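What follows is the content of protein21.pdb (PDB, C-alpha atoms).
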ATOM      1  CA  ARG B   1     191.535 125.078  81.883
ATOM      2  CA  PHE B   2     188.863 126.103  79.402
ATOM      3  CA  GLY B   3     185.499 124.402  79.783
ATOM      4  CA  HIS B   4     185.773 120.845  81.082
ATOM      5  CA  ALA B   5     188.670 118.582  82.075
ATOM      6  CA  LEU B   6     189.196 114.979  83.096
ATOM      7  CA  ARG B   7     189.103 114.562  86.874
ATOM      8  CA  PHE B   8     190.643 111.416  88.333
ATOM      9  CA  THR B   9     189.335 111.070  91.884
ATOM     10  CA  GLU B  10     191.085 107.917  93.061
ATOM     11  CA  ARG B  11     193.915 105.570  92.176
ATOM     12  CA  ASN B  12     192.874 103.272  89.352
ATOM     13  CA  GLN B  13     194.246 100.225  87.601
ATOM     14  CA  HIS B  14     192.140 100.676  84.459
ATOM     15  CA  ALA B  15     193.240 103.755  82.558
ATOM     16  CA  ILE B  16     191.268 105.704  80.023
ATOM     17  CA  PHE B  17     192.921 105.216  76.657
ATOM     18  CA  TYR B  18     192.873 106.178  73.009
ATOM     19  CA  ARG B  19     194.105 103.851  70.309
ATOM     20  CA  ALA B  20     197.565 104.811  69.097
ATOM     21  CA  GLU B  21     196.726 103.795  65.538
ATOM     22  CA  GLY B  22     195.534 106.882  63.704
ATOM     23  CA  ASN B  23     196.677 109.194  66.517
ATOM     24  CA  ILE B  24     200.405 108.451  66.779
ATOM     25  CA  GLY B  25     202.593 108.435  63.681
ATOM     26  CA  TYR B  26     204.340 105.199  64.634
ATOM     27  CA  SER B  27     206.673 103.504  62.151
ATOM     28  CA  PRO B  28     209.131 100.695  62.893
ATOM     29  CA  ASP B  29     211.573 102.483  60.587
ATOM     30  CA  GLY B  30     211.625 105.662  62.665
ATOM     31  CA  TRP B  31     209.056 108.094  64.052
ATOM     32  CA  SER B  32     208.898 111.499  65.672
ATOM     33  CA  GLY B  33     206.270 113.543  67.457
ATOM     34  CA  THR B  34     205.195 115.687  70.386
ATOM     35  CA  VAL B  35     202.770 115.031  73.236
ATOM     36  CA  SER B  36     201.291 118.028  75.080
ATOM     37  CA  PHE B  37     198.893 118.212  78.037
ATOM     38  CA  TRP B  38     198.134 120.091  81.254
ATOM     39  CA  LEU B  39     197.919 118.786  84.836
ATOM     40  CA  SER B  40     196.563 120.300  88.036
ATOM     41  CA  LEU B  41     197.318 118.520  91.316
ATOM     42  CA  ASP B  42     199.292 118.672  94.532
ATOM     43  CA  PRO B  43     201.464 115.530  94.266
ATOM     44  CA  ALA B  44     202.176 115.473  98.011
ATOM     45  CA  THR B  45     198.526 115.376  99.065
ATOM     46  CA  ASP B  46     196.481 114.218  96.067
ATOM     47  CA  LEU B  47     198.371 111.142  94.896
ATOM     48  CA  GLU B  48     197.937 107.826  96.645
ATOM     49  CA  PRO B  49     201.020 105.715  97.521
ATOM     50  CA  GLY B  50     202.841 104.184  94.598
ATOM     51  CA  PHE B  51     204.047 105.207  91.181
ATOM     52  CA  CYS B  52     201.677 107.219  89.019
ATOM     53  CA  ASP B  53     201.795 107.708  85.242
ATOM     54  CA  PRO B  54     199.658 110.563  83.920
ATOM     55  CA  ILE B  55     200.375 109.209  80.427
ATOM     56  CA  GLN B  56     201.849 106.041  78.911
ATOM     57  CA  ILE B  57     202.159 105.378  75.174
ATOM     58  CA  THR B  58     202.967 101.747  74.415
ATOM     59  CA  ASP B  59     201.582  98.459  73.153
ATOM     60  CA  ALA B  60     202.938  96.522  76.128
ATOM     61  CA  ALA B  61     204.455  97.904  79.330
ATOM     62  CA  TYR B  62     206.253 100.977  80.669
ATOM     63  CA  ASN B  63     209.665  99.450  79.952
ATOM     64  CA  ASP B  64     208.981  97.922  76.543
ATOM     65  CA  ALA B  65     208.718 100.268  73.518
ATOM     66  CA  ALA B  66     207.126 103.018  75.595
ATOM     67  CA  ILE B  67     206.961 106.762  76.188
ATOM     68  CA  TRP B  68     205.750 107.970  79.583
ATOM     69  CA  VAL B  69     205.970 110.465  82.410
ATOM     70  CA  ASP B  70     205.497 109.498  86.032
ATOM     71  CA  PHE B  71     205.527 110.674  89.623
ATOM     72  CA  THR B  72     207.719 108.525  91.840
ATOM     73  CA  ALA B  73     206.196 106.429  94.587
ATOM     74  CA  GLU B  74     206.892 108.429  97.763
ATOM     75  CA  ASN B  75     207.039 112.053  98.917
ATOM     76  CA  PRO B  76     208.840 114.197  97.998
ATOM     77  CA  ARG B  77     207.871 112.942  94.554
ATOM     78  CA  GLN B  78     210.041 113.388  91.516
ATOM     79  CA  PHE B  79     208.569 113.839  88.035
ATOM     80  CA  ARG B  80     210.286 111.815  85.305
ATOM     81  CA  LEU B  81     210.273 111.204  81.573
ATOM     82  CA  GLY B  82     211.109 107.736  80.300
ATOM     83  CA  VAL B  83     211.463 106.639  76.677
ATOM     84  CA  PHE B  84     212.552 103.045  76.063
ATOM     85  CA  GLY B  85     212.576 100.819  73.002
ATOM     86  CA  ASP B  86     212.353  97.051  72.883
ATOM     87  CA  LEU B  87     212.956  95.619  76.349
ATOM     88  CA  ASP B  88     215.083  92.659  75.266
ATOM     89  CA  VAL B  89     217.463  95.023  73.446
ATOM     90  CA  TRP B  90     218.077  97.761  76.030
ATOM     91  CA  ASN B  91     217.812  95.367  79.029
ATOM     92  CA  PRO B  92     218.994  91.953  77.802
ATOM     93  CA  ASP B  93     219.860  90.778  81.321
ATOM     94  CA  GLY B  94     216.391  91.508  82.706
ATOM     95  CA  LEU B  95     217.613  93.775  85.515
ATOM     96  CA  GLY B  96     215.138  95.611  87.722
ATOM     97  CA  PRO B  97     214.811  99.335  87.069
ATOM     98  CA  ASN B  98     216.387 100.527  90.323
ATOM     99  CA  ASP B  99     219.479  98.395  89.747
ATOM    100  CA  ASN B 100     219.994  99.196  86.103
ATOM    101  CA  PRO B 101     221.949 102.262  84.907
ATOM    102  CA  ALA B 102     220.534 101.633  81.430
ATOM    103  CA  PHE B 103     217.170 102.591  82.951
ATOM    104  CA  THR B 104     218.057 105.290  85.461
ATOM    105  CA  ASP B 105     220.552 107.110  83.205
ATOM    106  CA  ARG B 106     217.937 107.389  80.438
ATOM    107  CA  LEU B 107     215.437 109.335  82.559
ATOM    108  CA  ALA B 108     214.870 113.084  82.660
ATOM    109  CA  VAL B 109     214.222 113.773  86.361
ATOM    110  CA  VAL B 110     212.729 116.848  88.051
ATOM    111  CA  ASP B 111     213.364 116.821  91.793
ATOM    112  CA  GLU B 112     211.020 119.704  92.620
ATOM    113  CA  PRO B 113     208.337 119.722  89.926
ATOM    114  CA  PRO B 114     206.135 122.842  89.730
ATOM    115  CA  PHE B 115     202.753 121.168  90.209
ATOM    116  CA  ALA B 116     200.081 122.551  92.535
ATOM    117  CA  GLY B 117     196.370 122.121  93.078
ATOM    118  CA  ASP B 118     195.575 125.791  92.473
ATOM    119  CA  ARG B 119     197.303 126.104  89.081
ATOM    120  CA  TRP B 120     197.783 124.301  85.790
ATOM    121  CA  THR B 121     201.188 123.010  84.707
ATOM    122  CA  HIS B 122     201.987 122.380  81.054
ATOM    123  CA  VAL B 123     203.815 119.166  80.150
ATOM    124  CA  ALA B 124     205.309 118.516  76.716
ATOM    125  CA  ILE B 125     207.316 115.559  75.462
ATOM    126  CA  THR B 126     209.160 115.757  72.157
ATOM    127  CA  TYR B 127     210.784 112.759  70.517
ATOM    128  CA  ALA B 128     212.675 112.350  67.259
ATOM    129  CA  GLY B 129     214.042 109.398  65.329
ATOM    130  CA  LEU B 130     212.747 106.678  67.642
ATOM    131  CA  GLY B 131     213.467 103.242  66.245
ATOM    132  CA  GLN B 132     216.667 104.492  64.627
ATOM    133  CA  PRO B 133     220.195 105.008  66.008
ATOM    134  CA  GLY B 134     220.442 108.330  67.802
ATOM    135  CA  GLY B 135     216.794 108.708  68.730
ATOM    136  CA  ALA B 136     216.142 111.495  71.236
ATOM    137  CA  ALA B 137     213.486 112.658  73.686
ATOM    138  CA  THR B 138     213.028 115.860  75.704
ATOM    139  CA  LEU B 139     210.744 116.906  78.560
ATOM    140  CA  TYR B 140     209.357 120.452  78.934
ATOM    141  CA  LEU B 141     207.501 121.948  81.900
ATOM    142  CA  ASP B 142     205.642 125.243  81.457
ATOM    143  CA  GLY B 143     207.364 125.771  78.130
ATOM    144  CA  GLU B 144     210.918 125.298  79.381
ATOM    145  CA  ARG B 145     213.227 122.435  78.488
ATOM    146  CA  VAL B 146     214.143 120.179  81.408
ATOM    147  CA  PRO B 147     217.846 119.244  81.592
ATOM    148  CA  GLY B 148     218.578 115.623  80.930
ATOM    149  CA  GLY B 149     216.533 113.355  78.738
ATOM    150  CA  ALA B 150     218.120 111.101  76.181
ATOM    151  CA  ASP B 151     219.810 111.590  72.829
ATOM    152  CA  ASP B 152     221.111 108.057  72.407
ATOM    153  CA  ILE B 153     217.956 105.945  72.132
ATOM    154  CA  ASP B 154     219.360 103.420  69.670
ATOM    155  CA  GLU B 155     217.156 100.374  70.149
ATOM    156  CA  PRO B 156     214.216  99.489  67.882
ATOM    157  CA  PHE B 157     210.603 100.235  68.839
ATOM    158  CA  THR B 158     208.547  97.215  67.827
ATOM    159  CA  TRP B 159     204.780  97.501  68.263
ATOM    160  CA  ASP B 160     201.755  95.442  67.476
ATOM    161  CA  VAL B 161     200.041  98.567  66.178
ATOM    162  CA  GLU B 162     196.564  97.264  66.948
ATOM    163  CA  LEU B 163     197.542  97.016  70.631
ATOM    164  CA  GLY B 164     199.227 100.422  70.801
ATOM    165  CA  ALA B 165     197.457 102.742  73.242
ATOM    166  CA  ILE B 166     197.677 106.235  74.697
ATOM    167  CA  ARG B 167     196.859 105.506  78.336
ATOM    168  CA  LEU B 168     195.743 108.383  80.541
ATOM    169  CA  GLY B 169     195.746 108.576  84.325
ATOM    170  CA  VAL B 170     197.426 105.320  85.349
ATOM    171  CA  ASN B 171     197.111 105.507  89.170
ATOM    172  CA  TYR B 172     196.761 109.285  88.782
ATOM    173  CA  VAL B 173     194.623 111.535  90.991
ATOM    174  CA  GLY B 174     194.024 115.084  89.796
ATOM    175  CA  LEU B 175     192.912 117.072  86.761
ATOM    176  CA  PHE B 176     194.078 116.374  83.203
ATOM    177  CA  ASP B 177     193.312 118.608  80.205
ATOM    178  CA  GLU B 178     194.136 119.501  76.592
ATOM    179  CA  LEU B 179     195.865 116.354  75.409
ATOM    180  CA  SER B 180     197.374 117.211  72.001
ATOM    181  CA  LEU B 181     199.458 115.062  69.680
ATOM    182  CA  PHE B 182     201.731 116.307  66.880
ATOM    183  CA  ASP B 183     203.398 114.267  64.162
ATOM    184  CA  ARG B 184     206.804 115.915  64.501
ATOM    185  CA  SER B 185     209.159 116.996  67.246
ATOM    186  CA  LEU B 186     208.366 120.632  68.038
ATOM    187  CA  THR B 187     211.214 123.086  68.572
ATOM    188  CA  ASP B 188     211.907 124.890  71.848
ATOM    189  CA  ASP B 189     210.225 128.029  70.497
ATOM    190  CA  GLU B 190     207.189 126.085  69.318
ATOM    191  CA  VAL B 191     206.750 124.453  72.734
ATOM    192  CA  ARG B 192     206.943 127.873  74.384
ATOM    193  CA  THR B 193     204.318 129.161  71.953
ATOM    194  CA  LEU B 194     202.078 126.182  72.684
ATOM    195  CA  HIS B 195     202.362 126.840  76.413
ATOM    196  CA  ALA B 196     201.509 130.526  75.992
ATOM    197  CA  LEU B 197     198.416 130.211  73.767
ATOM    198  CA  ASP B 198     195.748 132.508  75.228
ATOM    199  CA  GLY B 199     192.836 130.246  74.364
ATOM    200  CA  GLY B 200     194.582 126.934  74.826
ATOM    201  CA  VAL B 201     195.330 124.464  72.083
ATOM    202  CA  ALA B 202     191.922 125.081  70.496
ATOM    203  CA  ALA B 203     193.452 128.275  69.125
ATOM    204  CA  LEU B 204     195.384 126.066  66.689
ATOM    205  CA  SER B 205     192.281 124.483  65.161
ATOM    206  CA  MET B 206     191.649 125.195  61.515
ATOM    207  CA  ASP B 207     188.391 125.556  59.609
TER     208      ASP B 207
END
Can I see the file as structure tokens?
Amino acid sequence: RFGHALRFTERNQHAIFYRAEGNIGYSPDGWSGTVSFWLSLDPATDLEPGFCDPIQITDAAYNDAAIWVDFTAENPRQFRLGVFGDLDVWNPDGLGPNDNPAFTDRLAVVDEPPFAGDRWTHVAITYAGLGQPGGAATLYLDGERVPGGADDIDEPFTWDVELGAIRLGVNYVGLFDELSLFDRSLTDDEVRTLHALDGGVAALSMD
């Protein structure tokens, strides 16, 4: 958007990542935060077949103590937010995701997401109280809250902190810019302000 961006040119199995330690305020006793970034792509023509996760934050897998957004596998592609704690707690019977209401009912789903190759779309994820009863997560697109999400994320989030990673561009094809991490759950107004910053997130930097 301003200067350079990450360009993912083909489906990949080896994502770029940052270590979560020092960047994410994880605590097994409860943690909150916000993830913000911008994407530019046409999901119908740019993405290769299969699921695609522009971002995953976990020490293990998408369904085990993880925060992520994805595009579904086939056109017309949905855009989804998933936030899940320890796998053996929320899915003790080991059911597959498509057959498990505990998985599908937790997702925030956008049937017609506003992504396009000639514009940038802002994505924000807020989460509060993860690892405690009543944890919650919300998805925002272009500054507006998406209906759905979860406000009953009760299971623990158990990480090996040294393995925790912020994975970018898992099977993603397109542009990715301005990844920003905050150590608390921003309010609706704050997310709208973040989206509307004239100079991008760099306008928040302090001397």
Using the chain letters and numbering of this document, enumerate as a ChimeraX atom specification the residues selected by the PyMOL selection byres ((chain B and resi 88-94) around 9).
/B:64,84-87,95-96,100,102-103,154-156
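Among the candidates B:Asp183, B:Asp70, B:Glu190, B:Asp152, the one nearest to Gly25 in chain B when counting all atoms listed in the file is B:Asp183.
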Tell me which residues the PyMOL selection byres ((chain B and resi 159-176) around 9) grabs here, as a ChimeraX atom specification.
/B:5-21,23-24,26-28,37-43,46-48,50-60,65,71,86,117,120,157-158,177-179
So what do you get for CA of Phe79 in chain B versus CA of Tyr140 in chain B, distance-wise?
11.3 Å
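Counting all atoms listed in the file, Gly199 in chain B has the following residues at most 8 Å away, ignoring those fewer than 3 positions along the same chain: B:Phe2, B:Ala202, B:Ala203.
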